[in-house]
Amino acid sequence: MNKGDIIEVNIEKGIFGGEGLAFVEGKALFVPEAVAGEKVKVEIISTKKDYARGLIKEIIEPSPDRVKPQCEVFELCGGCDYMMIEYKAQLELKKNIVKEIMAKIGKNSECKINDVVSMKEPYLYRNKVIQPLGKKGNKCISGFYKKRSHEIIDNDFCLIQTDLSNKILKKIKEIINNSSISIYDELAHKGYLRNIMVRVNSENEAMLVLVVNGERTKEIEKIIMEIAKAYSNVKSIYLSINKKRTNVVLGEKNILIYGEEGIYEDVEGVRFLITPLSFFQINNIQMKELYKKAVDYISDEMSPIIVDAYSGTGTIASILAKKAKKVYAIEIIDEAVKSGRKSIKLNKIDNVEFLTGTVEEKLIDLINNGTHIDAIVFDPPRKGLESEIINAVSEANIDKIVYVSCNPSTFARDAYLFAQKGYVIGEITPVDMFPHTHHIELVSKILRRNR
Ligand code: SAH
């Protein structure tokens with residue numbers, strides 16, 4: 001296999017990350033947008049020692065699961081990877097990927113993996129979008145970046161965002177086109193307006209953040225007031241000052257220019273405040289399914305003292321508060337803890353205690369101080385848990401772990417370590433948080449064997 005070769009291959013399966021896998025002369029060949037079971041003609045675009053990558057030139061025998069993507073820019077845009085696969089088959093694929101990763105990395109082929117909790121309407125679900133702005137001629141454009149690049153794919157109606165955020169973004173572009181405001185150019189690090197963030201709640205209310213490379217001006221304030229006037233469901237608009245040459249979108253200073261401090265989302269009878277920097281799951285409908293499952297796993301028997309580790313604004317902690325005597329919420333970002341404290345006050349919850357700091361430090365402190373803990377919910381970022389945490393938890397003989405993960409590979413690695421330390425992986429439930437993309441979210445129950 002050499003770069004530039006055009007060959008015919010059979011796609012054996014879909015793999016984590018979104019690509020199809022074929023084998024050529026014993027070497028793995030990754031093919032984006034290829035579906036398991038189909039025969040395709042590909043052009044090899046790169047070769048490495050152990051693997052190669054090729055792009056589809058022609059689909060010779062399509063998989064029965066292949067469908068026409070509903071989005072016009074699917075092939076170009078880097079936002080989705082699975083729109084060419086029928087939704088039911090996407091769910092099957094995600095379940096199989098979890099099974100395979102658990103067998104390979106988790107060294108566990110026995111554990112129970114439930115069907116993926118699916119969405120009835122798997123479109124228009126993303127409650128948060130951050131779009132870079134760019135220019136095409138004189139026109140302002142916005143969209144996701146093109147696959148493997150920083151070129152913006154202009155798109156006026158993205159099928160995975162909410163209807164409201166699509167409409168708002170379109171309106172903002174219109175307003176900008178009628179103004180003299182300059183658009184930021186990433187390469188030259190020049191121009192004013194960089195990005196727009198739109199967050200939407202289940203009541204169809206929105207919060208906007210306009211990210212700019214410069215100070216607050218009368219002109220941007222005028223634009224903000226125009227946007228607010230155009231949509232009465234825009235409840236809050238911030239200006240974020242970001243003058244740095246960086247991929248980090250929001251700047252250090254976020255100034256509320258219009259309306260309220262944020263928007264609210266109700267989950268399991270608890271009302272949460274969402275501000276520009278606070279972490280909140282991306283899919284309002286599936287988030288509720290995920291939390292319901294996590295709460296089920298925790299409270300199918302008494303667990304009076306619970307730790308919510310990697311708590312963000314304390315969503316899981318606040319929901320569990322009703323069923324527990326005390327919940328400790330551990331979170332590293334001060335801003336998230338502040339909004340969490342506001343939320344618990346608002347909901348008159350008095351048995352959640354936030355600890356600002358790392359889980360590595362604060363959880364181990366709790367354990368070392370002899371605090372009794374019945375159960376822990378872990379919801380770490382992609383890199384999963386440090387092994388020292390797993391060691392400390394097992395040495396303290398904590399009975400019950402609920403592990404929420406956005407990365408099956410690190411989850412499987414950690415599940416294996418828990419198993420080595422005397423825990424059993426009770427069951428795993430994947431929840432489809434991100435339809436049409438390769439992302440997989442799951443929740444699992446891990447119990448100490450000799451309780
Ligand atoms: N459970 C929450 C948030 C999960 S996201 C929810 O569902 O809304 C993971 C969170 O872990 C983020 O808020 C991030 O800031 C935090 N985090 C990342 N590394 C951490 C660490 N080492 N210790 C504590 N918190 C951390």
# chains A, B, ... in the order shown; residues from 1 in each chain; ligands from 1

$ residues_near_ligand --ligand "ligand 1" --cutoff "6 Å" --atoms "only C-alpha atoms and all ligand atoms" --output "ChimeraX atom specification"
/A:279-281,310-312,315,330-333,357-359,379-381

$ residues_around --residues "Lys27 of chain A" --least-positions-apart "3" --cutoff "6 Å" --atoms "only C-alpha atoms" --output "list in words"
Phe23, Val24 and Tyr51 of chain A

$ write_last_selection --atoms "C-alpha atoms" --output "PDB file, in the first residue's frame"
ATOM      1  CA  PHE A  23      -7.248  -5.002   6.357  1.00  0.00           C
ATOM      2  CA  VAL A  24      -4.869  -4.910   3.400  1.00  0.00           C
ATOM      3  CA  TYR A  51      -1.606   1.415   9.497  1.00  0.00           C
TER       4      TYR A  51
END

$ closest_residue --among "A:Lys218, A:Lys244, A:Lys342, A:Lys292" --to "Ile274 of chain A" --atoms "only C-alpha atoms"
A:Lys342

$ residues_around --residues "Met207 of chain A" --least-positions-apart "6" --cutoff "6 Å" --atoms "only C-alpha atoms" --output "MDAnalysis selection string"
chainID A and resid 198:199 234:237

$ residues_around --residues "Lys222 of chain A" --least-positions-apart "5" --cutoff "12 Å" --atoms "only C-alpha atoms" --output "PyMOL selection string"
chain A and resi 175-176+179-181+216-217+227-229+257-258

$ closest_residue --among "A:Glu261, A:Asp374, A:Glu395, A:Glu388" --to "Glu361 of chain A" --atoms "only C-alpha atoms"
A:Glu388
